[in-house]
>>> print(open('final.txt').read())   # compact mmCIF, C-alpha atoms
# COMPACT_ATOMS: atom_id res chain seq x y z
CA MET A 336 30.16 283.52 109.15
CA ASP A 337 33.04 284.38 111.43
CA ASN A 338 35.92 281.87 111.45
CA SER A 339 35.67 281.55 115.24
CA LEU A 340 32.35 279.74 114.84
CA TYR A 341 33.99 277.06 112.68
CA LYS A 342 36.69 276.69 115.35
CA LEU A 343 33.95 276.30 117.98
CA ILE A 344 32.28 273.56 115.91
CA ASP A 345 35.56 271.65 115.52
CA PHE A 346 36.44 272.06 119.21
CA ILE A 347 33.09 270.69 120.40
CA LYS A 348 33.22 267.83 117.89
CA ARG A 349 36.60 266.72 119.25
CA LEU A 350 35.00 266.42 122.69
CA ASP A 351 32.26 263.98 121.61
CA GLY A 352 31.62 261.50 124.43
CA GLN A 353 34.43 262.91 126.59
CA ALA A 354 32.67 265.43 128.81
CA GLY A 355 29.30 266.03 130.38
CA LYS A 356 27.41 269.26 129.96
CA ALA A 357 29.03 271.15 132.85
CA ARG A 358 32.58 270.17 131.89
CA LEU A 359 31.97 270.81 128.18
CA GLN A 360 30.58 274.24 128.99
CA GLU A 361 33.61 275.02 131.15
CA LEU A 362 36.10 273.94 128.46
CA VAL A 363 34.36 275.90 125.70
CA GLN A 364 34.06 279.04 127.81
CA LYS A 365 37.76 278.96 128.62
CA GLU A 366 38.90 278.16 125.07
CA PHE A 367 36.89 280.98 123.45
CA SER A 368 36.86 283.53 126.31
CA LEU A 369 33.07 283.57 126.33
CA THR A 370 31.01 286.00 128.36
CA LYS A 371 28.17 284.46 130.37
CA ASP A 372 24.67 285.93 130.38
CA ARG A 373 22.50 283.67 132.50
CA SER A 374 22.44 280.39 130.52
CA VAL A 375 23.92 281.87 127.33
CA PHE A 376 27.62 282.22 126.51
CA TYR A 377 28.58 284.68 123.80
CA THR A 378 31.26 286.62 121.92
CA ASP A 379 30.78 289.37 119.36
CA ALA A 380 30.57 286.65 116.65
CA PHE A 381 28.17 284.01 118.06
CA ALA A 382 26.17 282.89 121.09
CA ILE A 383 25.77 279.36 122.41
CA ARG A 384 23.47 277.62 124.87
CA PHE A 385 24.34 274.17 126.27
CA SER A 386 21.70 271.56 126.97
CA SER A 387 21.81 267.85 127.80
CA SER A 388 19.73 264.77 127.13
CA LYS A 389 20.11 261.02 126.87
CA SER A 390 19.02 261.20 123.20
CA THR A 391 18.54 263.69 120.37
CA SER A 392 14.89 264.10 121.38
CA PHE A 393 15.01 266.84 123.93
CA SER A 394 12.25 269.10 125.19
CA ASN A 395 14.34 271.10 127.64
CA THR A 396 13.70 274.84 127.82
CA VAL A 397 16.47 276.55 125.85
CA ILE A 398 15.95 280.30 126.10
CA SER A 399 13.25 282.92 126.47
CA LEU A 400 12.16 284.66 123.30
CA SER A 401 12.98 288.06 124.77
CA ASN A 402 16.53 286.93 125.60
CA LEU A 403 16.97 285.35 122.16
CA GLN A 404 16.11 288.71 120.61
CA LYS A 405 19.42 290.07 121.95
CA TYR A 406 21.43 287.45 120.05
CA ASP A 407 19.33 286.95 116.93
CA ASP A 408 21.53 289.15 114.71
CA PHE A 409 24.39 286.63 114.84
CA PRO A 410 24.46 282.82 114.96
CA PHE A 411 22.71 281.43 118.04
CA VAL A 412 23.84 277.84 118.51
CA VAL A 413 22.32 275.20 120.76
CA CYS A 414 24.71 272.43 121.79
CA LEU A 415 22.93 269.26 122.85
CA ASN A 416 25.27 267.15 124.96
CA THR A 417 24.44 263.42 124.90
CA PRO A 418 26.50 260.53 126.33
CA ASN A 419 28.17 259.70 122.99
CA LYS A 420 27.99 262.83 120.88
CA ASN A 421 27.47 266.58 120.95
CA TYR A 422 24.85 267.86 118.50
CA LEU A 423 24.77 271.46 117.26
CA PHE A 424 21.74 273.31 115.89
CA LEU A 425 21.10 276.89 114.83
CA ALA A 426 18.23 278.24 116.92
CA ASN A 427 17.79 281.74 115.52
CA THR A 428 14.13 282.73 115.17
CA THR A 429 13.92 281.62 111.52
CA PHE A 430 14.53 278.04 112.70
CA LEU A 431 11.83 277.97 115.38
CA SER A 432 8.45 276.39 114.72
CA LYS A 433 6.75 278.12 117.65
CA VAL A 434 7.20 279.38 121.20
CA SER A 435 6.24 276.83 123.86
CA HIS A 436 6.46 277.67 127.53
CA SER A 437 4.45 280.51 129.18
CA SER A 438 3.61 282.03 125.81
CA GLN A 439 -0.16 282.42 126.11
CA GLU A 440 0.09 286.22 126.07
CA LEU A 441 2.67 286.40 123.28
CA ARG A 442 1.87 289.20 120.85
CA GLU A 443 3.95 291.33 118.51
CA ASP A 444 3.89 294.07 121.16
CA ASN A 445 4.35 291.69 124.09
CA ILE A 446 7.36 289.43 123.60
CA ARG A 447 7.23 286.60 126.09
CA GLY A 448 7.48 282.83 126.34
CA SER A 449 10.37 280.38 126.05
CA ILE A 450 11.77 278.05 123.41
CA ASN A 451 11.99 274.30 123.98
CA GLY A 452 14.43 272.02 122.19
CA SER A 453 11.51 270.47 120.33
CA ASP A 454 10.68 273.89 118.84
CA ILE A 455 13.95 274.01 116.89
CA VAL A 456 13.42 273.01 113.25
CA LYS A 457 15.79 270.20 112.31
CA VAL A 458 15.25 270.54 108.54
CA PHE A 459 14.59 273.95 107.00
CA ASN A 460 13.46 274.11 103.37
CA ASP A 461 15.12 270.73 102.70
CA ILE A 462 18.37 271.96 104.35
CA TYR A 463 19.44 269.97 107.41
CA ASN A 464 20.06 272.08 110.49
CA GLU A 465 23.60 270.88 111.13
CA PRO A 466 27.03 272.53 111.23
CA LYS A 467 27.99 271.94 107.59
CA ASN A 468 24.93 273.99 106.56
CA PHE A 469 25.20 276.75 109.17
CA ALA A 470 26.62 279.33 106.74
CA GLU A 471 23.79 278.78 104.25
CA LEU A 472 21.12 278.73 106.95
CA PHE A 473 22.35 281.84 108.72
CA ALA A 474 22.53 283.71 105.41
CA ILE A 475 18.82 282.94 104.98
CA HIS A 476 18.02 284.06 108.53
CA SER A 477 20.00 287.30 108.21
CA GLU A 478 17.63 288.53 105.52
CA ILE A 479 14.54 287.77 107.61
CA GLY A 480 15.66 288.75 111.11
CA PHE A 481 13.77 288.84 114.39
CA ASP A 482 11.11 291.31 113.24
CA GLY A 483 10.45 289.27 110.12
CA ASN A 484 9.83 286.13 112.21
CA LEU A 485 7.82 287.59 115.09
CA ALA A 486 4.39 287.71 113.41
CA ARG A 487 4.82 284.11 112.21
CA LEU A 488 5.75 282.91 115.72
CA VAL A 489 2.78 284.72 117.25
CA GLU A 490 0.46 283.06 114.74
CA ALA A 491 2.00 279.59 115.12
CA THR A 492 2.06 279.78 118.92
CA ASN A 493 -1.37 281.16 119.74
CA ASN A 494 -3.35 280.42 116.58
CA ILE A 495 -3.97 284.12 116.07
CA SER A 496 -5.57 284.87 112.71
CA PRO A 497 -2.94 286.49 110.50
CA ASN A 498 -3.39 289.70 108.57
CA GLY A 499 -3.56 289.73 104.81
CA SER A 500 -4.86 287.15 102.38
CA LYS A 501 -3.68 285.01 99.52
CA TYR A 502 -3.97 286.56 96.10
CA ASN A 503 -7.05 285.02 94.48
CA ILE A 504 -6.13 283.95 90.93
CA ARG A 505 -8.93 284.09 88.39
CA ALA A 506 -8.74 282.14 85.13
CA ILE A 507 -8.04 285.33 83.19
CA ASP A 508 -5.28 286.22 85.66
CA LYS A 509 -3.63 282.83 85.24
CA ASP A 510 -3.40 283.27 81.49
CA VAL A 511 -1.69 286.66 81.85
CA ILE A 512 0.65 285.31 84.53
CA LEU A 513 1.70 282.40 82.35
CA GLN A 514 2.44 284.80 79.51
CA SER A 515 4.89 286.75 81.69
CA PRO A 516 8.00 284.64 80.86
CA GLN A 517 7.50 285.43 77.15
CA ARG A 518 7.03 289.13 77.97
CA ALA A 519 10.27 289.01 79.95
CA LYS A 520 12.12 287.22 77.14
CA ASP A 521 10.98 289.87 74.66
CA PHE A 522 11.84 292.71 77.03
CA VAL A 523 15.46 291.70 77.73
CA VAL A 524 16.37 292.03 74.05
CA SER A 525 14.47 295.29 73.53
CA ALA A 526 15.53 298.94 73.36
CA GLU A 527 13.42 299.52 76.47
CA TYR A 528 15.65 297.14 78.42
CA SER A 529 18.72 299.17 77.42
CA THR A 530 16.97 302.39 78.45
CA LEU A 531 16.05 301.01 81.88
CA LYS A 532 19.53 299.66 82.56
CA SER A 533 21.13 302.93 81.45
CA GLU A 534 19.00 304.93 83.90
CA LEU A 535 19.84 302.63 86.81
CA ASP A 536 23.54 302.57 85.86
CA GLN A 537 23.68 306.36 85.78
CA MET A 538 22.23 306.64 89.29
CA THR A 539 24.57 303.94 90.60
CA ILE A 540 27.66 305.61 89.10
CA ALA A 541 26.59 309.03 90.38
CA TYR A 542 26.43 307.70 93.97
CA LYS A 543 29.26 305.17 93.72
CA ASN A 544 31.27 306.53 96.68
CA GLU A 545 28.20 306.69 98.91
CA ILE A 546 27.24 303.11 97.98
CA ILE A 547 30.73 301.93 98.97
CA LEU A 548 30.40 303.70 102.34
CA ALA A 549 26.97 302.13 102.89
CA SER A 550 28.36 298.67 102.10
CA LEU A 551 30.32 298.90 105.38
CA ILE A 552 27.10 298.82 107.43
CA ASP A 553 27.08 295.54 109.37
CA ASN A 554 23.33 294.99 109.53
CA VAL A 555 22.33 293.35 106.25
CA ASN A 556 18.77 294.71 106.32
CA ILE A 557 19.79 298.31 106.97
CA ARG A 558 22.65 298.07 104.47
CA GLY A 559 20.37 296.90 101.68
CA ARG A 560 17.64 299.45 102.40
CA VAL A 561 20.13 302.34 102.52
CA ILE A 562 21.79 301.46 99.20
CA GLU A 563 18.46 300.84 97.51
CA TYR A 564 17.25 304.26 98.66
CA ILE A 565 20.44 306.01 97.54
CA ILE A 566 19.90 304.62 94.04
CA ALA A 567 16.13 304.81 93.65
CA GLY A 568 14.66 306.83 96.55
CA GLU A 569 12.14 309.51 95.63
CA ASP A 570 12.86 312.02 98.43
CA ASP A 571 16.03 313.97 97.51
CA ARG A 572 16.13 315.59 100.95
CA LEU A 573 16.15 312.22 102.72
CA ARG A 574 18.76 310.86 100.32
CA SER A 575 21.00 313.86 101.07
CA GLU A 576 20.53 313.31 104.81
CA ILE A 577 21.47 309.63 104.50
CA ILE A 578 24.53 310.48 102.40
CA HIS A 579 25.62 313.19 104.85
CA THR A 580 25.39 310.67 107.70
CA LEU A 581 27.49 308.14 105.78
CA GLN A 582 30.13 310.74 104.91
CA LYS A 583 30.41 311.81 108.56
CA GLY A 584 30.98 308.20 109.57
CA THR A 585 28.04 308.30 111.97
CA LYS A 586 26.68 304.85 112.74
CA ARG A 587 23.14 306.05 113.36
CA ILE A 588 21.34 306.21 110.02
CA PRO A 589 18.31 308.55 109.77
CA SER A 590 15.06 306.69 110.31
CA PHE A 591 13.13 306.14 107.11
CA ARG A 592 10.48 303.85 105.72
CA THR A 593 10.57 302.18 102.34
CA LYS A 594 7.47 301.38 100.32
CA ASN A 595 6.22 297.86 100.93
CA THR A 596 5.89 297.27 97.20
CA LEU A 597 7.27 294.66 94.83
CA GLY A 598 9.90 296.85 93.15
CA ASP A 599 12.02 299.84 94.15
CA PHE A 600 11.99 301.45 90.70
CA VAL A 601 8.96 301.59 88.41
CA LYS A 602 9.17 302.66 84.77
CA VAL A 603 6.34 302.52 82.25
CA PHE A 604 6.97 302.09 78.54
CA ASP A 605 4.42 301.84 75.71
CA LYS A 606 4.78 298.05 75.49
CA TYR A 607 5.99 297.22 79.01
CA ASN A 608 5.20 298.19 82.60
CA THR A 609 8.36 297.41 84.56
CA ALA A 610 9.05 297.06 88.27
CA THR A 611 12.69 296.59 89.27
CA ASP A 612 13.89 295.47 92.67
CA ILE A 613 17.38 296.71 93.55
CA LYS A 614 19.60 294.24 95.39
CA THR A 615 23.18 294.78 96.54
CA LYS A 616 25.64 291.92 96.93
CA VAL A 617 28.81 292.30 98.96
CA MET A 618 30.88 289.81 96.99
CA ILE A 619 33.05 288.64 99.89
CA LEU A 620 30.07 287.74 102.11
CA ASN A 621 27.82 284.70 102.14
CA SER A 622 24.22 285.80 101.69
CA ALA A 623 20.77 284.69 100.59
CA PRO A 624 19.04 287.93 99.59
CA LYS A 625 15.30 288.26 99.81
CA ALA A 626 13.64 287.78 96.46
CA TYR A 627 9.91 288.61 96.58
CA ASN A 628 6.61 288.03 98.29
CA LEU A 629 4.91 285.35 96.21
CA ASP A 630 1.40 286.81 96.36
CA LYS A 631 2.57 290.31 95.45
CA MET A 632 4.59 288.91 92.56
CA LEU A 633 1.59 286.97 91.16
CA GLU A 634 -0.68 289.99 91.52
CA PHE A 635 1.80 292.13 89.59
CA LEU A 636 2.35 289.57 86.82
CA ALA A 637 -1.42 289.29 86.36
CA LYS A 638 -1.37 292.81 84.87
CA GLU A 639 -1.02 293.26 81.14
CA LYS A 640 2.48 294.37 80.00
CA SER A 641 4.02 293.60 83.43
CA VAL A 642 7.74 292.77 83.56
CA PHE A 643 9.57 292.17 86.86
CA MET A 644 13.35 292.64 86.95
CA PHE A 645 16.22 292.64 89.43
CA TYR A 646 19.09 295.11 89.37
CA PHE A 647 22.03 293.54 91.17
CA VAL A 648 24.90 295.77 92.31
CA GLY A 649 28.11 293.91 93.18
CA ILE A 650 30.37 295.50 95.78
CA MET A 651 33.90 294.70 96.87
CA PRO A 652 35.94 296.68 99.42
CA ASN A 653 36.34 300.21 98.04
CA GLN A 654 34.71 299.54 94.68
CA VAL A 655 31.49 298.77 92.84
CA VAL A 656 32.43 295.83 90.63
CA GLY A 657 29.36 295.47 88.47
CA GLN A 658 25.69 296.20 87.85
CA VAL A 659 23.38 293.82 86.01
CA LEU A 660 19.69 293.94 85.09
CA ILE A 661 18.30 290.40 85.25
CA SER A 662 14.83 288.92 84.71
CA MET A 663 13.23 287.02 87.56
CA PHE A 664 12.92 284.15 85.03
CA GLN A 665 16.61 284.01 84.13
CA ASP A 666 17.41 280.30 84.14
CA ASP A 667 20.04 280.17 86.89
CA LEU A 668 18.22 282.69 89.08
CA ARG A 669 14.88 280.91 88.72
CA ASP A 670 16.35 277.47 89.39
CA THR A 671 18.04 278.60 92.63
CA THR A 672 15.11 280.61 94.00
CA HIS A 673 14.05 279.09 97.33
CA LEU A 674 10.31 279.15 98.08
CA LEU A 675 9.80 279.51 101.83
CA LYS A 676 6.18 278.44 102.05
CA HIS A 677 6.39 276.74 105.44
CA TRP A 678 7.93 279.87 106.92
CA ALA A 679 4.94 282.04 105.95
CA GLY A 680 1.58 282.35 107.70
CA ARG A 681 -1.57 280.51 106.70
CA ASN A 682 -2.90 283.46 104.69
CA SER A 683 0.15 283.69 102.44
CA ARG A 684 1.82 281.64 99.74
CA GLY A 685 5.09 282.67 101.33
CA VAL A 686 8.23 284.45 100.30
CA SER A 687 11.32 283.57 98.31
CA GLN A 688 15.07 283.96 98.60
CA PHE A 689 17.97 283.80 96.19
CA SER A 690 21.28 282.00 96.31
CA GLY A 691 24.03 284.56 96.84
CA GLN A 692 26.41 282.40 94.83
CA THR A 693 24.11 282.61 91.80
CA ILE A 694 24.00 286.40 92.06
CA ASP A 695 27.81 286.55 92.30
CA THR A 696 28.05 284.54 89.08
CA LEU A 697 25.50 286.70 87.25
CA ILE A 698 27.30 289.90 88.26
CA LYS A 699 30.55 288.49 86.88
CA GLU A 700 29.04 286.80 83.82
CA PRO A 701 25.60 288.29 83.10
CA ASN A 702 23.04 286.68 80.83
CA ASN A 703 19.27 286.74 80.47
CA ASN A 704 18.63 283.24 79.14
CA ILE A 705 15.00 282.32 79.79
CA ASP A 706 13.41 278.90 79.28
CA ILE A 707 9.70 279.61 78.76
CA VAL A 708 8.40 276.13 79.67
CA LYS A 709 10.48 275.84 82.86
CA SER A 710 9.46 279.37 83.87
CA GLN A 711 5.78 278.52 83.40
CA ASP A 712 6.25 275.35 85.47
CA PHE A 713 7.85 277.53 88.16
CA LEU A 714 4.82 279.83 88.13
CA GLU A 715 2.41 276.89 88.25
CA LYS A 716 4.20 275.63 91.35
CA ILE A 717 3.86 279.00 93.07
CA MET A 718 0.20 279.40 92.10
CA SER A 719 -0.58 275.96 93.57
CA LEU A 720 0.73 276.90 97.02
>>> encode(input="final.txt", output="structure tokens")
Amino acid sequence: MDNSLYKLIDFIKRLDGQAGKARLQELVQKEFSLTKDRSVFYTDAFAIRFSSSKSTSFSNTVISLSNLQKYDDFPFVVCLNTPNKNYLFLANTTFLSKVSHSSQELREDNIRGSINGSDIVKVFNDIYNEPKNFAELFAIHSEIGFDGNLARLVEATNNISPNGSKYNIRAIDKDVILQSPQRAKDFVVSAEYSTLKSELDQMTIAYKNEIILASLIDNVNIRGRVIEYIIAGEDDRLRSEIIHTLQKGTKRIPSFRTKNTLGDFVKVFDKYNTATDIKTKVMILNSAPKAYNLDKMLEFLAKEKSVFMFYFVGIMPNQVVGQVLISMFQDDLRDTTHLLKHWAGRNSRGVSQFSGQTIDTLIKEPNNNIDIVKSQDFLEKIMSL
């Protein structure tokens, strides 16, 4: 997150119990040269909305969902001014339980309704929504974004039946799924593993300069999709168009759709059917990259010979610093995979996200250590959701 947000947090903390809402708002606006948009104050690094209450339980209307959409790509902070202390919460769409006021007609194609203070989640996935955790929380939100939250909010607000369904696990499926950690452990020491990594490395090296250019894209979702397509996209014409746009320095990237599948790169061997998801990590940025949809992952692992891998590409300014091919069951990766069940709809087991710090470490010091028992316990936990 931008350093100015940390300065904002410290500035507001120093004013605990010293100013009411109006005076606090005035002091913050002056100190940080904020632009006012109705009830929201913003810079190009964050937005903030001030509210007041006699206690931390506040049901005041904070912002309309349509207005929040304008600020959801960078930290949206709610400052609750109480007589003795100022409380700060992140109120980006990932941290909303629902939409409250005037939201009866809320649909994915009709964004309406307002957020109340009570709609802001105070604990997200066992992480407290407080300033010391803002960097970690916003990294999670950045990977989901407004579009990724909208369907969930529509469902939670108006009890609309969600699309899709949980993957139904038969007894025979469960046996194959629980065998997948052993398949992965065998694969990572095989000749087939070396072949797969070599192919991905060759494509990455061939497009190294274009990947570096793409790493400068601010939007984390677009940046990831562009680099993944440069490496593993199937349409050479579209890849050339994307590369030409990057080389020209044009900010507008050609519109394209990626397959909504588990992996970006599929390769079938005699003994293994592999799906590899390509993830890029800008090493100087905090992030929590998307991992996988839990139902899609279980459905894939229920197939004989299935092996699911991640290909992490580490990027620093002006250079690609490393590429690693890592099993989803690698000990450190598995143990720091966050399961976001409560974020998903009723007809889904949810999604998962990685710790960016773990990926940084694996890029620098790769290993594919896999504990079979712990990996099976991990799968049991997901299947029980």
>>> closest_residue(input="final.txt", among="A:Lys365, A:Arg487, A:Lys631, A:Lys699", to="Ser687 in chain A", atoms="all atoms listed in the file")
A:Lys631
>>> atom_distance(input="final.txt", atom1="CA of Phe635 in chain A", atom2="CA of Ile705 in chain A")
19.1 Å
>>> residues_around(input="final.txt", residues="Asp444 in chain A", least_positions_apart="5", cutoff="12 Å", atoms="only C-alpha atoms", output="list in words")
Ser401, Asp482, Leu485, Ala486 and Val489 of chain A
>>> residues_around(input="final.txt", residues="range 445-455 of chain A", least_positions_apart="6", cutoff="7 Å", atoms="all atoms listed in the file", output="list in words")
Phe393, Ser394, Asn395, Thr396, Val397, Ile398, Ser399, Leu400, Ser401, Ala426, Phe430, Leu431, Ser432, Lys433, Val434, Ser435, His436, Ser437 and Ser438 of chain A
>>> atom_distance(input="final.txt", atom1="CA of Val456 in chain A", atom2="CA of Ser622 in chain A")
20.3 Å
>>> closest_residue(input="final.txt", among="A:Tyr463, A:Phe604, A:Phe647, A:Phe473", to="Thr530 in chain A", atoms="all atoms listed in the file")
A:Phe604
>>> atom_distance(input="final.txt", atom1="CA of Val656 in chain A", atom2="CA of Leu620 in chain A")
14.2 Å
>>> closest_residue(input="final.txt", among="A:Gln360, A:Asn416, A:Ser339, A:Asn653", to="Asp379 in chain A", atoms="all atoms listed in the file")
A:Ser339
>>> closest_residue(input="final.txt", among="A:Tyr627, A:Tyr564, A:Phe664, A:Tyr542", to="Val523 in chain A", atoms="all atoms listed in the file")
A:Phe664
>>> residues_near_point(input="final.txt", point="(20.3, 303.0, 91.9)", cutoff="9 Å", atoms="only C-alpha atoms", output="list in words")
Glu534, Leu535, Asp536, Gln537, Met538, Thr539, Ile540, Ala541, Tyr542, Ile562, Glu563, Tyr564, Ile565, Ile566, Ala567, Gly568, Phe600, Ile613, Tyr646 and Val648 of chain A
>>> closest_residue(input="final.txt", among="A:Thr580, A:Thr370, A:Asn464, A:Asn419", to="Lys348 in chain A", atoms="all atoms listed in the file")
A:Asn419
>>> closest_residue(input="final.txt", among="A:Asn493, A:Thr429, A:Ser683, A:Ser641", to="Thr609 in chain A", atoms="all atoms listed in the file")
A:Ser641
>>> residues_around(input="final.txt", residues="Tyr502 in chain A", least_positions_apart="4", cutoff="8 Å", atoms="all atoms listed in the file", output="PyMOL selection string")
chain A and resi 630-631+633-634
>>> residues_around(input="final.txt", residues="Ile347 in chain A", least_positions_apart="3", cutoff="12 Å", atoms="only C-alpha atoms", output="PyMOL selection string")
chain A and resi 340-344+350-356+358-364+366-367+383+385+412-416+420-423+466
>>> residues_near_point(input="final.txt", point="(20.9, 286.6, 130.6)", cutoff="10 Å", atoms="all atoms listed in the file", output="number ranges by chain")
A: 371-376, 398-399, 401-403, 405
>>> residues_around(input="final.txt", residues="Lys532 in chain A", least_positions_apart="6", cutoff="9 Å", atoms="all atoms listed in the file", output="number ranges by chain")
A: 646, 658-660
>>> write_last_selection(input="final.txt", atoms="C-alpha atoms", output="compact mmCIF listing (two decimals), in the frame of the given file")
# COMPACT_ATOMS: atom_id res chain seq x y z
CA TYR A 646 19.09 295.11 89.37
CA GLN A 658 25.69 296.20 87.85
CA VAL A 659 23.38 293.82 86.01
CA LEU A 660 19.69 293.94 85.09
>>> build_atoms(input="final.txt", residues="range 520-532 of chain A", atoms="N, CA and C atoms", output="PDB file, in the coordinates of the input")
ATOM      1  N   LYS A 520      11.140 287.607  78.172  1.00  0.00           N
ATOM      2  CA  LYS A 520      12.120 287.220  77.140  1.00  0.00           C
ATOM      3  C   LYS A 520      12.166 288.262  76.025  1.00  0.00           C
ATOM      4  N   ASP A 521      11.010 288.810  75.672  1.00  0.00           N
ATOM      5  CA  ASP A 521      10.980 289.870  74.660  1.00  0.00           C
ATOM      6  C   ASP A 521      11.617 291.154  75.188  1.00  0.00           C
ATOM      7  N   PHE A 522      11.353 291.449  76.452  1.00  0.00           N
ATOM      8  CA  PHE A 522      11.840 292.710  77.030  1.00  0.00           C
ATOM      9  C   PHE A 522      13.361 292.757  77.098  1.00  0.00           C
ATOM     10  N   VAL A 523      14.010 291.656  77.486  1.00  0.00           N
ATOM     11  CA  VAL A 523      15.460 291.700  77.730  1.00  0.00           C
ATOM     12  C   VAL A 523      16.284 291.869  76.460  1.00  0.00           C
ATOM     13  N   VAL A 524      15.649 291.774  75.302  1.00  0.00           N
ATOM     14  CA  VAL A 524      16.370 292.030  74.050  1.00  0.00           C
ATOM     15  C   VAL A 524      15.849 293.293  73.366  1.00  0.00           C
ATOM     16  N   SER A 525      15.102 294.110  74.108  1.00  0.00           N
ATOM     17  CA  SER A 525      14.470 295.290  73.530  1.00  0.00           C
ATOM     18  C   SER A 525      15.277 296.558  73.815  1.00  0.00           C
ATOM     19  N   ALA A 526      14.928 297.623  73.098  1.00  0.00           N
ATOM     20  CA  ALA A 526      15.530 298.940  73.360  1.00  0.00           C
ATOM     21  C   ALA A 526      15.107 299.456  74.730  1.00  0.00           C
ATOM     22  N   GLU A 527      13.903 299.084  75.164  1.00  0.00           N
ATOM     23  CA  GLU A 527      13.420 299.520  76.470  1.00  0.00           C
ATOM     24  C   GLU A 527      14.283 298.960  77.608  1.00  0.00           C
ATOM     25  N   TYR A 528      14.741 297.730  77.438  1.00  0.00           N
ATOM     26  CA  TYR A 528      15.650 297.140  78.420  1.00  0.00           C
ATOM     27  C   TYR A 528      16.926 297.984  78.542  1.00  0.00           C
ATOM     28  N   SER A 529      17.495 298.356  77.414  1.00  0.00           N
ATOM     29  CA  SER A 529      18.720 299.170  77.420  1.00  0.00           C
ATOM     30  C   SER A 529      18.488 300.518  78.078  1.00  0.00           C
ATOM     31  N   THR A 530      17.312 301.102  77.830  1.00  0.00           N
ATOM     32  CA  THR A 530      16.970 302.390  78.450  1.00  0.00           C
ATOM     33  C   THR A 530      16.888 302.268  79.971  1.00  0.00           C
ATOM     34  N   LEU A 531      16.199 301.221  80.436  1.00  0.00           N
ATOM     35  CA  LEU A 531      16.050 301.010  81.880  1.00  0.00           C
ATOM     36  C   LEU A 531      17.403 300.786  82.537  1.00  0.00           C
ATOM     37  N   LYS A 532      18.220 299.935  81.967  1.00  0.00           N
ATOM     38  CA  LYS A 532      19.530 299.660  82.560  1.00  0.00           C
ATOM     39  C   LYS A 532      20.399 300.919  82.575  1.00  0.00           C
TER      40      LYS A 532
END
